[in-house]
$ cat coords-v8.pdb   # PDB, C-alpha atoms
ATOM      1  CA  MET A  92     -85.058  34.361 -13.751
ATOM      2  CA  SER A  93     -84.010  30.875 -12.808
ATOM      3  CA  THR A  94     -81.325  28.762 -14.441
ATOM      4  CA  LYS A  95     -84.060  26.703 -16.081
ATOM      5  CA  ILE A  96     -85.498  29.756 -17.820
ATOM      6  CA  ASN A  97     -82.069  31.009 -18.897
ATOM      7  CA  ALA A  98     -81.412  27.606 -20.435
ATOM      8  CA  LEU A  99     -84.441  28.047 -22.680
ATOM      9  CA  GLN A 100     -83.843  31.176 -24.697
ATOM     10  CA  LEU A 101     -86.664  33.446 -25.725
ATOM     11  CA  PRO A 102     -86.905  33.146 -29.519
ATOM     12  CA  LYS A 103     -84.943  35.795 -31.391
ATOM     13  CA  GLY A 104     -86.816  38.982 -32.160
ATOM     14  CA  PHE A 105     -89.074  38.869 -29.082
ATOM     15  CA  ARG A 106     -88.827  40.502 -25.666
ATOM     16  CA  ILE A 107     -90.476  39.712 -22.355
ATOM     17  CA  ARG A 108     -91.436  41.876 -19.392
ATOM     18  CA  PRO A 109     -93.669  41.815 -16.282
ATOM     19  CA  ALA A 110     -97.241  43.032 -16.588
ATOM     20  CA  MET A 111     -98.885  46.154 -15.194
ATOM     21  CA  MET A 112    -102.561  46.978 -14.735
ATOM     22  CA  GLY A 113    -102.325  49.272 -17.736
ATOM     23  CA  ASP A 114    -101.655  46.200 -19.894
ATOM     24  CA  VAL A 115    -105.133  44.770 -19.333
ATOM     25  CA  PRO A 116    -106.715  46.127 -22.570
ATOM     26  CA  ALA A 117    -103.895  44.675 -24.691
ATOM     27  CA  VAL A 118    -104.143  41.322 -22.904
ATOM     28  CA  VAL A 119    -107.909  41.212 -23.444
ATOM     29  CA  LYS A 120    -107.418  42.047 -27.117
ATOM     30  CA  LEU A 121    -104.902  39.197 -27.484
ATOM     31  CA  SER A 122    -107.088  36.651 -25.696
ATOM     32  CA  ASN A 123    -110.017  37.563 -27.932
ATOM     33  CA  ILE A 124    -107.852  37.274 -31.050
ATOM     34  CA  PHE A 125    -107.089  33.734 -29.900
ATOM     35  CA  THR A 126    -110.683  32.743 -29.107
ATOM     36  CA  GLN A 127    -112.008  34.360 -32.273
ATOM     37  CA  HIS A 128    -109.473  32.392 -34.317
ATOM     38  CA  TYR A 129    -110.214  29.019 -32.745
ATOM     39  CA  LEU A 130    -113.790  29.340 -31.464
ATOM     40  CA  GLY A 131    -115.370  32.264 -33.279
ATOM     41  CA  ILE A 132    -116.172  34.097 -30.025
ATOM     42  CA  SER A 133    -114.794  36.874 -27.834
ATOM     43  CA  GLU A 134    -115.172  35.740 -24.234
ATOM     44  CA  ASP A 135    -112.811  38.017 -22.322
ATOM     45  CA  ASP A 136    -113.476  41.572 -21.212
ATOM     46  CA  ILE A 137    -111.598  44.318 -19.405
ATOM     47  CA  ASP A 138    -113.770  44.233 -16.284
ATOM     48  CA  ASP A 139    -113.212  40.509 -15.641
ATOM     49  CA  THR A 140    -109.469  40.710 -16.266
ATOM     50  CA  GLU A 141    -109.027  43.781 -14.074
ATOM     51  CA  ASN A 142    -110.984  42.023 -11.338
ATOM     52  CA  ALA A 143    -108.772  38.938 -11.655
ATOM     53  CA  TRP A 144    -105.503  40.882 -11.571
ATOM     54  CA  GLU A 145    -106.664  42.848  -8.525
ATOM     55  CA  GLU A 146    -107.472  39.669  -6.611
ATOM     56  CA  PRO A 147    -105.870  39.571  -3.129
ATOM     57  CA  GLY A 148    -102.520  37.782  -3.212
ATOM     58  CA  PHE A 149    -102.058  38.110  -6.985
ATOM     59  CA  SER A 150     -99.439  40.446  -8.432
ATOM     60  CA  PRO A 151     -99.313  41.213 -12.182
ATOM     61  CA  SER A 152     -95.668  42.265 -11.901
ATOM     62  CA  ASP A 153     -94.692  38.977 -10.241
ATOM     63  CA  ASP A 154     -97.242  36.536 -11.652
ATOM     64  CA  VAL A 155     -97.705  37.628 -15.282
ATOM     65  CA  ARG A 156     -95.247  37.814 -18.161
ATOM     66  CA  LEU A 157     -95.910  39.461 -21.521
ATOM     67  CA  VAL A 158     -94.087  38.699 -24.760
ATOM     68  CA  PHE A 159     -93.787  41.326 -27.508
ATOM     69  CA  SER A 160     -92.727  41.049 -31.137
ATOM     70  CA  SER A 161     -90.035  43.185 -32.733
ATOM     71  CA  GLN A 162     -92.891  45.554 -33.738
ATOM     72  CA  ASP A 163     -93.891  45.905 -30.053
ATOM     73  CA  GLU A 164     -97.084  43.903 -30.581
ATOM     74  CA  LEU A 165     -98.227  41.821 -27.624
ATOM     75  CA  VAL A 166     -98.138  38.264 -28.989
ATOM     76  CA  GLY A 167     -98.161  36.076 -25.883
ATOM     77  CA  TYR A 168     -98.672  36.111 -22.130
ATOM     78  CA  ILE A 169     -98.967  33.806 -19.145
ATOM     79  CA  GLU A 170    -100.504  34.140 -15.686
ATOM     80  CA  VAL A 171     -99.476  31.988 -12.702
ATOM     81  CA  TRP A 172    -102.066  31.678  -9.947
ATOM     82  CA  SER A 173    -100.458  30.444  -6.740
ATOM     83  CA  ASN A 174    -102.253  32.672  -4.209
ATOM     84  CA  ALA A 175    -104.403  29.908  -2.716
ATOM     85  CA  SER A 176    -103.529  28.822   0.798
ATOM     86  CA  PRO A 177    -102.026  26.270   0.503
ATOM     87  CA  PRO A 178    -101.094  26.574  -3.215
ATOM     88  CA  VAL A 179    -100.894  22.842  -3.976
ATOM     89  CA  HIS A 180    -102.267  23.290  -7.509
ATOM     90  CA  PRO A 181    -100.887  26.476  -9.089
ATOM     91  CA  TRP A 182    -102.931  27.444 -12.128
ATOM     92  CA  LEU A 183    -101.340  28.521 -15.423
ATOM     93  CA  TRP A 184    -103.311  30.528 -17.963
ATOM     94  CA  GLY A 185    -102.358  32.402 -21.110
ATOM     95  CA  TYR A 186    -102.425  32.699 -24.879
ATOM     96  CA  VAL A 187    -100.145  33.029 -27.896
ATOM     97  CA  ASN A 188    -101.339  34.879 -30.989
ATOM     98  CA  PRO A 189    -102.173  32.159 -33.563
ATOM     99  CA  ASP A 190    -100.062  34.028 -36.149
ATOM    100  CA  TYR A 191     -97.013  33.202 -34.014
ATOM    101  CA  GLU A 192     -97.676  29.492 -33.517
ATOM    102  CA  GLY A 193     -94.552  27.384 -34.036
ATOM    103  CA  CYS A 194     -92.136  30.100 -32.851
ATOM    104  CA  GLY A 195     -91.483  28.416 -29.492
ATOM    105  CA  LEU A 196     -93.322  31.068 -27.472
ATOM    106  CA  GLY A 197     -95.796  28.625 -25.933
ATOM    107  CA  THR A 198     -93.063  26.352 -24.595
ATOM    108  CA  TYR A 199     -91.095  29.317 -23.287
ATOM    109  CA  LEU A 200     -94.109  30.707 -21.441
ATOM    110  CA  LEU A 201     -95.023  27.307 -19.982
ATOM    111  CA  THR A 202     -91.469  26.953 -18.729
ATOM    112  CA  TRP A 203     -91.556  30.392 -17.140
ATOM    113  CA  GLY A 204     -94.901  29.530 -15.579
ATOM    114  CA  GLU A 205     -93.661  26.256 -14.138
ATOM    115  CA  THR A 206     -90.593  27.943 -12.708
ATOM    116  CA  ARG A 207     -92.712  30.625 -11.073
ATOM    117  CA  ALA A 208     -95.111  27.994  -9.732
ATOM    118  CA  ARG A 209     -92.264  26.025  -8.160
ATOM    119  CA  GLU A 210     -91.656  28.981  -5.861
ATOM    120  CA  ALA A 211     -94.983  28.117  -4.212
ATOM    121  CA  VAL A 212     -93.892  24.595  -3.208
ATOM    122  CA  SER A 213     -92.247  25.888  -0.036
ATOM    123  CA  ARG A 214     -95.620  27.336   1.059
ATOM    124  CA  CYS A 215     -97.326  23.921   0.894
ATOM    125  CA  PRO A 216     -97.504  21.324   3.696
ATOM    126  CA  GLU A 217     -94.300  19.288   3.824
ATOM    127  CA  ASN A 218     -95.751  15.986   2.627
ATOM    128  CA  ALA A 219     -98.367  17.379   0.240
ATOM    129  CA  ARG A 220     -98.368  16.592  -3.459
ATOM    130  CA  VAL A 221     -97.944  19.700  -5.631
ATOM    131  CA  ALA A 222     -98.909  19.854  -9.315
ATOM    132  CA  ILE A 223     -99.437  22.672 -11.776
ATOM    133  CA  GLN A 224    -102.692  22.681 -13.706
ATOM    134  CA  CYS A 225    -103.873  24.369 -16.872
ATOM    135  CA  GLY A 226    -106.623  23.832 -19.384
ATOM    136  CA  ILE A 227    -107.816  24.444 -22.900
ATOM    137  CA  GLU A 228    -110.901  24.070 -25.067
ATOM    138  CA  SER A 229    -111.110  20.440 -26.184
ATOM    139  CA  THR A 230    -111.196  21.384 -29.876
ATOM    140  CA  ILE A 231    -107.902  23.331 -29.904
ATOM    141  CA  ASP A 232    -105.544  20.507 -30.826
ATOM    142  CA  THR A 233    -102.400  22.631 -31.298
ATOM    143  CA  VAL A 234    -102.409  23.719 -27.660
ATOM    144  CA  LYS A 235    -103.344  20.252 -26.403
ATOM    145  CA  GLU A 236    -100.378  18.836 -28.302
ATOM    146  CA  ARG A 237     -98.091  21.435 -26.742
ATOM    147  CA  PHE A 238     -99.308  20.522 -23.254
ATOM    148  CA  SER A 239     -98.667  16.828 -23.934
ATOM    149  CA  GLU A 240     -95.209  17.518 -25.338
ATOM    150  CA  TYR A 241     -94.458  19.544 -22.217
ATOM    151  CA  GLY A 242     -95.198  16.529 -20.032
ATOM    152  CA  MET A 243     -98.700  17.437 -18.930
ATOM    153  CA  GLN A 244    -101.448  14.826 -18.694
ATOM    154  CA  ILE A 245    -105.165  15.289 -19.124
ATOM    155  CA  ILE A 246    -107.008  14.506 -15.896
ATOM    156  CA  ARG A 247    -110.517  15.940 -16.187
ATOM    157  CA  HIS A 248    -113.191  17.319 -18.492
ATOM    158  CA  TYR A 249    -115.363  20.329 -17.739
ATOM    159  CA  PHE A 250    -118.465  21.402 -19.626
ATOM    160  CA  ARG A 251    -120.092  24.709 -20.421
ATOM    161  CA  MET A 252    -123.802  23.855 -20.421
ATOM    162  CA  ARG A 253    -126.616  25.971 -21.778
ATOM    163  CA  ILE A 254    -130.351  26.064 -22.160
ATOM    164  CA  GLU A 255    -132.253  28.055 -24.788
ATOM    165  CA  MET A 256    -135.850  28.836 -23.917
ATOM    166  CA  ASP A 257    -138.566  29.582 -26.458
ATOM    167  CA  ALA A 258    -141.260  29.641 -23.782
ATOM    168  CA  PRO A 259    -141.400  30.309 -20.029
ATOM    169  CA  PRO A 260    -139.976  27.364 -18.067
ATOM    170  CA  PRO A 261    -142.163  25.325 -15.682
ATOM    171  CA  ALA A 262    -143.053  27.055 -12.440
ATOM    172  CA  PRO A 263    -140.887  25.692  -9.615
ATOM    173  CA  GLN A 264    -142.513  23.328  -7.120
ATOM    174  CA  TRP A 265    -140.691  23.857  -3.843
ATOM    175  CA  PRO A 266    -140.082  20.876  -1.540
ATOM    176  CA  GLU A 267    -142.167  20.922   1.619
ATOM    177  CA  GLY A 268    -140.877  23.397   4.165
ATOM    178  CA  ILE A 269    -138.572  25.196   1.707
ATOM    179  CA  THR A 270    -139.081  28.837   0.792
ATOM    180  CA  LEU A 271    -137.030  31.338  -1.156
ATOM    181  CA  ARG A 272    -135.835  34.602   0.288
ATOM    182  CA  PRO A 273    -133.766  37.437  -1.160
ATOM    183  CA  TYR A 274    -130.066  37.803  -0.472
ATOM    184  CA  ASN A 275    -129.159  40.676   1.834
ATOM    185  CA  PRO A 276    -125.635  41.923   1.009
ATOM    186  CA  GLU A 277    -125.309  43.537   4.427
ATOM    187  CA  LYS A 278    -126.205  40.443   6.437
ATOM    188  CA  ASP A 279    -125.802  37.312   4.326
ATOM    189  CA  ALA A 280    -122.356  37.556   2.695
ATOM    190  CA  GLU A 281    -120.456  35.565   5.312
ATOM    191  CA  SER A 282    -123.158  32.885   5.589
ATOM    192  CA  VAL A 283    -123.274  32.475   1.811
ATOM    193  CA  TYR A 284    -119.510  32.055   1.622
ATOM    194  CA  ARG A 285    -119.522  29.469   4.425
ATOM    195  CA  ILE A 286    -122.217  27.469   2.631
ATOM    196  CA  ASP A 287    -120.337  27.736  -0.661
ATOM    197  CA  ASP A 288    -117.238  26.415   1.078
ATOM    198  CA  GLU A 289    -119.252  23.640   2.716
ATOM    199  CA  VAL A 290    -120.914  22.339  -0.453
ATOM    200  CA  PHE A 291    -117.726  22.509  -2.502
ATOM    201  CA  GLN A 292    -116.008  20.166  -0.052
ATOM    202  CA  ASP A 293    -117.793  17.512  -2.135
ATOM    203  CA  HIS A 294    -116.213  18.716  -5.393
ATOM    204  CA  PHE A 295    -113.081  17.543  -7.144
ATOM    205  CA  GLY A 296    -110.081  19.743  -6.403
ATOM    206  CA  TYR A 297    -111.384  21.358  -3.212
ATOM    207  CA  VAL A 298    -108.666  22.395  -0.767
ATOM    208  CA  GLN A 299    -109.559  23.830   2.626
ATOM    209  CA  GLU A 300    -108.077  27.251   3.308
ATOM    210  CA  PRO A 301    -108.295  29.832   6.122
ATOM    211  CA  PHE A 302    -111.679  31.555   6.310
ATOM    212  CA  GLU A 303    -110.380  35.115   6.133
ATOM    213  CA  GLU A 304    -108.412  34.561   2.931
ATOM    214  CA  GLY A 305    -111.102  32.527   1.238
ATOM    215  CA  PHE A 306    -113.885  34.949   2.137
ATOM    216  CA  GLU A 307    -111.963  37.976   0.898
ATOM    217  CA  ARG A 308    -111.151  36.306  -2.414
ATOM    218  CA  PHE A 309    -114.730  35.009  -2.809
ATOM    219  CA  MET A 310    -116.311  38.427  -2.342
ATOM    220  CA  HIS A 311    -113.757  40.097  -4.592
ATOM    221  CA  HIS A 312    -114.428  37.641  -7.402
ATOM    222  CA  MET A 313    -118.199  37.426  -6.973
ATOM    223  CA  ALA A 314    -119.308  40.935  -5.961
ATOM    224  CA  LYS A 315    -116.867  43.345  -7.615
ATOM    225  CA  LYS A 316    -117.733  42.869 -11.276
ATOM    226  CA  GLU A 317    -120.064  44.712 -13.613
ATOM    227  CA  SER A 318    -122.062  41.503 -13.998
ATOM    228  CA  TYR A 319    -122.795  41.335 -10.241
ATOM    229  CA  ASP A 320    -126.432  41.804  -9.270
ATOM    230  CA  PRO A 321    -127.422  40.880  -5.687
ATOM    231  CA  THR A 322    -131.051  40.412  -6.803
ATOM    232  CA  LEU A 323    -129.788  37.385  -8.775
ATOM    233  CA  TRP A 324    -128.510  35.696  -5.621
ATOM    234  CA  PHE A 325    -131.140  33.291  -4.302
ATOM    235  CA  LEU A 326    -131.281  31.587  -0.902
ATOM    236  CA  ALA A 327    -133.494  28.561  -0.275
ATOM    237  CA  VAL A 328    -134.323  28.335   3.421
ATOM    238  CA  ASP A 329    -135.832  25.772   5.753
ATOM    239  CA  ASP A 330    -137.311  27.848   8.576
ATOM    240  CA  ASP A 331    -134.406  30.224   9.246
ATOM    241  CA  GLU A 332    -131.631  27.926   8.036
ATOM    242  CA  ILE A 333    -130.159  28.283   4.555
ATOM    243  CA  ALA A 334    -130.467  24.942   2.758
ATOM    244  CA  ALA A 335    -129.139  25.931  -0.664
ATOM    245  CA  ILE A 336    -127.728  28.871  -2.602
ATOM    246  CA  CYS A 337    -127.854  29.891  -6.230
ATOM    247  CA  LEU A 338    -125.629  32.797  -7.214
ATOM    248  CA  CYS A 339    -126.125  34.137 -10.731
ATOM    249  CA  ARG A 340    -124.686  37.052 -12.659
ATOM    250  CA  LYS A 341    -126.330  39.251 -15.256
ATOM    251  CA  TRP A 342    -124.499  37.845 -18.249
ATOM    252  CA  ASP A 343    -122.033  35.310 -19.548
ATOM    253  CA  THR A 344    -118.771  36.843 -20.778
ATOM    254  CA  GLU A 345    -119.136  34.783 -23.970
ATOM    255  CA  ASP A 346    -122.592  36.195 -24.684
ATOM    256  CA  ARG A 347    -124.191  39.130 -22.862
ATOM    257  CA  ASP A 348    -127.610  37.974 -24.047
ATOM    258  CA  CYS A 349    -127.105  34.843 -21.935
ATOM    259  CA  GLY A 350    -127.571  34.720 -18.168
ATOM    260  CA  TYR A 351    -124.964  32.872 -16.130
ATOM    261  CA  VAL A 352    -125.064  30.707 -13.016
ATOM    262  CA  SER A 353    -121.839  31.038 -11.062
ATOM    263  CA  ILE A 354    -122.710  28.762  -8.126
ATOM    264  CA  LEU A 355    -125.497  26.317  -7.356
ATOM    265  CA  GLY A 356    -125.038  24.441  -4.099
ATOM    266  CA  VAL A 357    -127.339  22.298  -1.970
ATOM    267  CA  ARG A 358    -126.187  21.310   1.513
ATOM    268  CA  ARG A 359    -126.009  17.591   2.281
ATOM    269  CA  PRO A 360    -129.034  17.357   4.643
ATOM    270  CA  TRP A 361    -131.281  18.791   1.899
ATOM    271  CA  ARG A 362    -130.072  16.765  -1.065
ATOM    272  CA  GLN A 363    -132.168  14.140  -2.882
ATOM    273  CA  ARG A 364    -135.317  16.213  -2.360
ATOM    274  CA  GLY A 365    -135.509  17.927  -5.734
ATOM    275  CA  LEU A 366    -134.231  21.236  -4.417
ATOM    276  CA  GLY A 367    -131.494  21.592  -7.024
ATOM    277  CA  LEU A 368    -133.952  21.125  -9.901
ATOM    278  CA  THR A 369    -136.388  23.563  -8.295
ATOM    279  CA  LEU A 370    -133.698  26.226  -8.022
ATOM    280  CA  LEU A 371    -132.746  25.675 -11.659
ATOM    281  CA  GLN A 372    -136.352  26.186 -12.725
ATOM    282  CA  HIS A 373    -136.598  29.298 -10.574
ATOM    283  CA  PHE A 374    -133.587  31.083 -12.000
ATOM    284  CA  PHE A 375    -134.458  29.979 -15.549
ATOM    285  CA  GLY A 376    -137.765  31.721 -14.995
ATOM    286  CA  GLU A 377    -136.113  34.772 -13.460
ATOM    287  CA  PHE A 378    -133.795  35.192 -16.423
ATOM    288  CA  TYR A 379    -136.721  34.660 -18.805
ATOM    289  CA  ARG A 380    -138.672  37.451 -17.078
ATOM    290  CA  ARG A 381    -135.622  39.675 -17.498
ATOM    291  CA  GLY A 382    -135.507  39.034 -21.228
ATOM    292  CA  LYS A 383    -132.768  36.408 -21.273
ATOM    293  CA  ARG A 384    -133.657  33.409 -23.409
ATOM    294  CA  LYS A 385    -130.367  31.596 -22.766
ATOM    295  CA  VAL A 386    -128.725  30.549 -19.495
ATOM    296  CA  ALA A 387    -125.299  28.947 -19.080
ATOM    297  CA  LEU A 388    -123.160  27.426 -16.348
ATOM    298  CA  GLY A 389    -119.989  25.403 -15.951
ATOM    299  CA  VAL A 390    -119.746  21.919 -14.461
ATOM    300  CA  ASP A 391    -117.176  19.225 -13.806
ATOM    301  CA  GLY A 392    -117.865  16.434 -16.285
ATOM    302  CA  GLN A 393    -117.216  13.820 -13.584
ATOM    303  CA  ASN A 394    -118.899  15.835 -10.822
ATOM    304  CA  LEU A 395    -118.884  13.887  -7.575
ATOM    305  CA  THR A 396    -122.432  14.922  -6.603
ATOM    306  CA  GLY A 397    -124.227  14.120  -9.861
ATOM    307  CA  ALA A 398    -124.703  17.732 -10.979
ATOM    308  CA  LEU A 399    -124.255  16.859 -14.655
ATOM    309  CA  ARG A 400    -127.294  14.545 -14.549
ATOM    310  CA  LEU A 401    -129.294  17.248 -12.806
ATOM    311  CA  TYR A 402    -128.526  19.881 -15.428
ATOM    312  CA  LYS A 403    -129.428  17.538 -18.261
ATOM    313  CA  LYS A 404    -132.701  16.687 -16.504
ATOM    314  CA  ALA A 405    -133.431  20.419 -16.353
ATOM    315  CA  GLY A 406    -133.073  20.672 -20.130
ATOM    316  CA  MET A 407    -129.511  21.908 -20.408
ATOM    317  CA  SER A 408    -127.050  20.477 -22.904
ATOM    318  CA  VAL A 409    -123.286  20.593 -23.369
ATOM    319  CA  HIS A 410    -122.260  23.678 -25.294
ATOM    320  CA  ARG A 411    -118.458  23.455 -24.958
ATOM    321  CA  GLN A 412    -115.859  21.135 -23.408
ATOM    322  CA  PHE A 413    -112.779  22.231 -21.501
ATOM    323  CA  ASP A 414    -109.933  19.784 -20.751
ATOM    324  CA  LEU A 415    -107.864  20.017 -17.568
ATOM    325  CA  TYR A 416    -104.159  19.128 -17.675
ATOM    326  CA  GLU A 417    -101.695  18.557 -14.862
ATOM    327  CA  LYS A 418     -97.947  18.160 -14.291
ATOM    328  CA  GLU A 419     -96.576  17.033 -10.949
ATOM    329  CA  LEU A 420     -93.961  19.241  -9.320
ATOM    330  CA  ARG A 421     -93.554  17.237  -6.110
ATOM    331  CA  ALA A 422     -94.837  13.805  -5.169
ATOM    332  CA  GLY A 423     -96.709  13.386  -1.911
ATOM    333  CA  GLU A 424    -100.141  13.090  -0.357
ATOM    334  CA  GLU A 425    -102.940  14.570  -2.482
ATOM    335  CA  ILE A 426    -104.750  16.914  -0.084
ATOM    336  CA  SER A 427    -107.333  18.153  -2.590
ATOM    337  CA  VAL A 428    -110.635  16.268  -2.826
ATOM    338  CA  VAL A 429    -110.645  13.533  -5.474
ATOM    339  CA  ALA A 430    -113.519  11.367  -4.166
ATOM    340  CA  ILE A 431    -116.365  11.420  -1.638
TER
END
$ encode --input "coords-v8.pdb" --output "structure tokens"
Amino acid sequence: MSTKINALQLPKGFRIRPAMMGDVPAVVKLSNIFTQHYLGISEDDIDDTENAWEEPGFSPSDDVRLVFSSQDELVGYIEVWSNASPPVHPWLWGYVNPDYEGCGLGTYLLTWGETRAREAVSRCPENARVAIQCGIESTIDTVKERFSEYGMQIIRHYFRMRIEMDAPPPAPQWPEGITLRPYNPEKDAESVYRIDDEVFQDHFGYVQEPFEEGFERFMHHMAKKESYDPTLWFLAVDDDEIAAICLCRKWDTEDRDCGYVSILGVRRPWRQRGLGLTLLQHFFGEFYRRGKRKVALGVDGQNLTGALRLYKKAGMSVHRQFDLYEKELRAGEEISVVAI
């Protein structure tokens, strides 16, 4: 550990160690204790966490620290995600058991996370700005206060939006020349990733990275989970060219009775033609036919392409708010997208 970490002592009666894959069930249990306490929901599961920890470039033993009480109970943990290329915005994520609030564990873990994240600065372009980011539900004031005390500033709001359907949604009316075709996992994976990368160049925080690394991470995250179903991946095409993609998964981790939209992206030449709304109506209807009466998705509250307005027009409303915080590690040129 660095000098900075040694200067901040772990509170007496606790011990810290690196994580292993076998720790996933205990970590999931802790995260759900936290969300049950503050939000009344359990939104983490073993499959998602195992998938995350197995992501290429991430190492539980290097990037995760677990804190245990004197009774060997897992009471806190932190993950540091700096495997992007380049890692200009390392992501910190973790929880402390609410019964141990006020013991100094949150500050200790944030400090460990920052120190670990600083090791990524040398892998960033020389003049690039580097800043750690983390986030929390907007209603959890104790954690928000800790972030502020630690020197982090709120920079963005994200929304979990949802629609509840008591009747089949309107049938989609496709723009002229646009048809829908099924996703073929054997042939379409690379094209879908390239389109995802293309459309997200218009989103806040986008950083271009090498194709091979991005594609591997994309497919690992999207297609190696229990909730993956290739028949819920929809491609809107204009002749033989893909104009838009909508990638859904079978359920939302917060509520398995709720379908979830992971990605909805319309390429620039096909925007302003109603294609986004048509795709929304299509997958609402698809989930309805499959017995799902709720559908959710996440969106940047200040989305640069107007997605928030689109989702509201489609009948969705804000279900939860998530606040993004940031702390600068090195000044420089911001290479992530902040405007279009």
$ residues_around --input "coords-v8.pdb" --residues "range 379-392 of chain A" --least-positions-apart "5" --cutoff "7 Å" --atoms "only C-alpha atoms" --output "list in words"
His248, Tyr249, Phe250, Arg251, Met252, Arg253, Ile254, Glu255, Met256, Asp257, Pro259, Asp348, Cys349, Gly350, Tyr351, Val352, Ser353 and Leu399 of chain A
$ residues_around --input "coords-v8.pdb" --residues "Met243 in chain A" --least-positions-apart "4" --cutoff "7 Å" --atoms "only C-alpha atoms" --output "ChimeraX atom specification"
/A:238-239,416-418
$ atom_distance --input "coords-v8.pdb" --atom1 "CA of Tyr241 in chain A" --atom2 "CA of Thr202 in chain A"
8.7 Å
$ residues_around --input "coords-v8.pdb" --residues "Pro189 in chain A" --least-positions-apart "2" --cutoff "10 Å" --atoms "only C-alpha atoms" --output "VMD selection string"
chain A and resid 121 124 to 126 128 to 129 166 to 167 186 to 187 191 to 193 233
$ residues_around --input "coords-v8.pdb" --residues "range 301-306 of chain A" --least-positions-apart "2" --cutoff "8 Å" --atoms "all atoms listed in the file" --output "number ranges by chain"
A: 176, 281, 284, 299, 308-310
$ resolve_selection --input "coords-v8.pdb" --expression "the PyMOL selection byres ((chain A and resi 413) around 7)" --output "compact mmCIF listing (two decimals) with C-alpha atoms, in the frame of the given file"
# COMPACT_ATOMS: atom_id res chain seq x y z
CA GLY A 226 -106.62 23.83 -19.38
CA ILE A 227 -107.82 24.44 -22.90
CA GLU A 228 -110.90 24.07 -25.07
CA SER A 229 -111.11 20.44 -26.18
CA HIS A 248 -113.19 17.32 -18.49
CA TYR A 249 -115.36 20.33 -17.74
CA PHE A 250 -118.46 21.40 -19.63
CA ARG A 411 -118.46 23.46 -24.96
CA GLN A 412 -115.86 21.14 -23.41
CA ASP A 414 -109.93 19.78 -20.75
CA LEU A 415 -107.86 20.02 -17.57
$ atom_distance --input "coords-v8.pdb" --atom1 "CA of Ala280 in chain A" --atom2 "CA of Leu323 in chain A"
13.7 Å
$ axis_aligned_box --input "coords-v8.pdb" --around "range 263-272 of chain A" --padding-each-side "5 Å" --output "lines of an AutoDock Vina configuration file"
center_x = -139.2
center_y = 27.7
center_z = -2.7
size_x = 16.7
size_y = 23.7
size_z = 23.8
$ closest_residue --input "coords-v8.pdb" --among "A:Phe375, A:Trp342, A:Trp144, A:Phe295" --to "Met111 in chain A" --atoms "only C-alpha atoms"
A:Trp144
$ closest_residue --input "coords-v8.pdb" --among "A:Glu317, A:Glu419, A:Val118, A:Gln127" --to "Asp139 in chain A" --atoms "all atoms listed in the file"
A:Glu317
$ resolve_selection --input "coords-v8.pdb" --expression "the PyMOL selection byres ((chain A and resi 220) around 6)" --output "NGL selection string"
:A and (219 or 221 or 421-425)
$ decode --input "coords-v8.pdb" --residues "range 351-362 of chain A" --atoms "N, CA and C atoms" --output "short mmCIF file (atom, residue, chain, number, x, y, z; two decimals), in the first residue's frame"
data_model
loop_
_atom_site.label_atom_id
_atom_site.label_comp_id
_atom_site.auth_asym_id
_atom_site.auth_seq_id
_atom_site.Cartn_x
_atom_site.Cartn_y
_atom_site.Cartn_z
N TYR A 351 -35.73 -5.13 -19.52
CA TYR A 351 -34.73 -4.05 -19.44
C TYR A 351 -34.12 -3.79 -20.81
N VAL A 352 -33.95 -2.51 -21.11
CA VAL A 352 -33.33 -2.07 -22.35
C VAL A 352 -31.91 -1.63 -22.02
N SER A 353 -30.94 -2.38 -22.49
CA SER A 353 -29.54 -2.03 -22.23
C SER A 353 -29.06 -0.91 -23.14
N ILE A 354 -29.40 -1.00 -24.43
CA ILE A 354 -28.89 -0.03 -25.42
C ILE A 354 -29.96 0.25 -26.46
N LEU A 355 -30.20 1.51 -26.70
CA LEU A 355 -31.03 1.96 -27.83
C LEU A 355 -30.24 3.03 -28.54
N GLY A 356 -29.88 2.77 -29.79
CA GLY A 356 -29.05 3.73 -30.53
C GLY A 356 -29.49 3.87 -31.97
N VAL A 357 -29.67 5.13 -32.39
CA VAL A 357 -30.02 5.43 -33.78
C VAL A 357 -28.86 6.19 -34.40
N ARG A 358 -28.39 5.74 -35.54
CA ARG A 358 -27.26 6.41 -36.20
C ARG A 358 -27.69 7.78 -36.75
N ARG A 359 -26.73 8.69 -36.82
CA ARG A 359 -27.05 10.08 -37.18
C ARG A 359 -27.86 10.23 -38.46
N PRO A 360 -27.54 9.55 -39.56
CA PRO A 360 -28.31 9.78 -40.80
C PRO A 360 -29.78 9.41 -40.69
N TRP A 361 -30.15 8.62 -39.65
CA TRP A 361 -31.54 8.17 -39.53
C TRP A 361 -32.26 8.81 -38.35
N ARG A 362 -31.67 9.80 -37.74
CA ARG A 362 -32.33 10.47 -36.63
C ARG A 362 -33.37 11.48 -37.14
#
